[in-house]
Amino acid sequence: MWESAKRLISSRVVRSVVIVAGGTAGAQAISLAFSPLLTRIYSPETFGILGTFLAIFAVMAPLAAFNMPMAIVLPSRDEEAVCLAQLSIAVGLINACLIAGLLWGWGDFLLALIGLKAIAPYIFALPIAMGLSALLAVAMQWVIRKKYFAFKAKIAVIQSFIINSAKVGIGVVMPLPSVLILATTLGSGLHAAMLFKRSPPSATHSKPSPDQPRITLNTYWRLAIQYKDFVLFRTPQATLNAASQGLPVIMLAATFGATTAGLYSLGRMVLEAPAKLLGHSVATVLYPRINEAALGGEDISLLVFKATMALLGIGSLLFGSLILLGPELFGWLFGGDWRQAGTFAQWLALWTLVSFVARPCVAAIPVLGLERFFLLHEIVSAVIRFTVLFIGVWLWDSATIAIALFSVANVVCYSVLILVVLQVAKRYTAPEQQAEHS
């Protein structure tokens, strides 16, 4: 038993997870430390406007670069990864400009159509946020590819402190939604700039051998075709997921007002902090590790299963207190105006727990070639989520019942995803091994 524990602690994957988790923990700890100040500076209505803006942006973000940055980790050659990075940035900036043009002509009409006129003054921050999110996605995936996990952790902490300090410092003078929206939007650009400072994708240090093909326009086209699954399947999946996850904020804002949406947004923000602490860190490290294991003919099912079970145990401890004492904790920490957010958080904690546990399985999906299934799963899940949320809002006219039904639906959907991925991982054989046996 002791020897197994020592091997686990000395594992390269575990060390990398600890490094990334440390940075994520620091960044989230800073955000949580600032939260009681922010909730006393900004009103629930202001948080509701921010939450609505971010929900709309989350739907648009995967469309920025069509999820192409996720492929940067996969090529064996740095030169091809650089091409994917350049292609992702170009596509992201072009799409941001197209969205800006669309909003210029139709933005007010579209917001009025869905009953969200409250965010009309801030609508042109959306294309800016899209362009910066594409840059950040490229920067993140390049750093992951190069395994600069300690650097990534350090930058996460610095960026979180700068942005939260700006929100508090400026908010004392101007507690306006525009301050929160601009700080959040520009924070992505700052994060990307700091990550690129260490190792920009244009500066690959490997020397191409003479027998390797030159990089031409055909190279970009070939890579776009090779990794088309990220565009064809992961992009609509991510868009649907963001739409269904952000739907409660949008529907609560349109039906019950920005204040209720703000209470929900705070509950989600607090729950996402511990979820990102380890979930994102594990996924960041496991994605390239699972890819290496698959290429090396290792058993990836055991790797994914162990990570899933570990997160189940940790998540039960993290979210248990919120399930039991949500209103009391929120009222004490954020002020009496936010006690209702704790009631929402009791239900949201169930959903967050299962999505947290699913992180290793989601990280394995590109390696297992399950992009088609992931898209189908997301379509079915989106229909279920929308249906139960609609029932809660329009049939019972209750924000709490709507959030409860929505959370239970998410628990079911993520549980199905975990079971399917684990079953496929057990039967997985790398393409190279299949070729050898055929």
# chains A, B, ... in the order shown; residues from 1 in each chain; ligands from 1
call {"tool": "closest_atom_pairs", "arguments": {"of": "segment 95-144 of chain A", "to": "segment 61-79 of chain A", "cutoff": "12 Å", "atoms": "only C-alpha atoms", "output": "tab-separated table"}}
result
residue	atom	partner	partner_atom	distance
A:Asn95	CA	A:Ala64	CA	5.7
A:Ala96	CA	A:Ala64	CA	6.4
A:Cys97	CA	A:Ala64	CA	9.9
A:Leu98	CA	A:Ala64	CA	10.0
A:Ile99	CA	A:Ala64	CA	9.2
A:Ala100	CA	A:Ala64	CA	11.8
A:Leu126	CA	A:Ala61	CA	9.2
A:Pro127	CA	A:Ala64	CA	8.9
A:Ile128	CA	A:Ala64	CA	10.5
A:Ala129	CA	A:Ala61	CA	8.0
A:Met130	CA	A:Ala61	CA	5.5
A:Gly131	CA	A:Ala64	CA	6.7
A:Leu132	CA	A:Ala64	CA	9.2
A:Ser133	CA	A:Ala61	CA	6.7
A:Ala134	CA	A:Ala65	CA	5.8
A:Leu135	CA	A:Ala65	CA	9.0
A:Leu136	CA	A:Pro69	CA	9.4
A:Ala137	CA	A:Pro69	CA	6.0
A:Val138	CA	A:Pro69	CA	5.1
A:Ala139	CA	A:Pro69	CA	8.6
A:Met140	CA	A:Pro69	CA	8.6
A:Gln141	CA	A:Ile72	CA	6.1
A:Trp142	CA	A:Ile72	CA	6.5
A:Val143	CA	A:Val73	CA	9.1
A:Ile144	CA	A:Val73	CA	7.1
call {"tool": "select_by_dssp", "arguments": {"residues": "segment 32-218 of chain A", "states": "alpha helix (DSSP H)", "output": "PyMOL selection string"}}
result
chain A and resi 32-41+44-65+78-113+125-146+149-173+177-198+217-218
call {"tool": "atom_distance", "arguments": {"atom1": "atom CA of Ile379 of chain A", "atom2": "atom CA of Ala238 of chain A"}}
result
10.3 Å
call {"tool": "atom_distance", "arguments": {"atom1": "atom CA of Leu271 of chain A", "atom2": "atom CA of Leu353 of chain A"}}
result
9.0 Å
call {"tool": "closest_residue", "arguments": {"among": "A:Ser88, A:Ile94, A:Leu116, A:Leu405", "to": "Ile56 of chain A", "atoms": "only C-alpha atoms"}}
result
A:Leu116
call {"tool": "closest_residue", "arguments": {"among": "A:Ala273, A:Val231, A:Ala33, A:Leu54", "to": "Asn164 of chain A", "atoms": "only C-alpha atoms"}}
result
A:Ala33
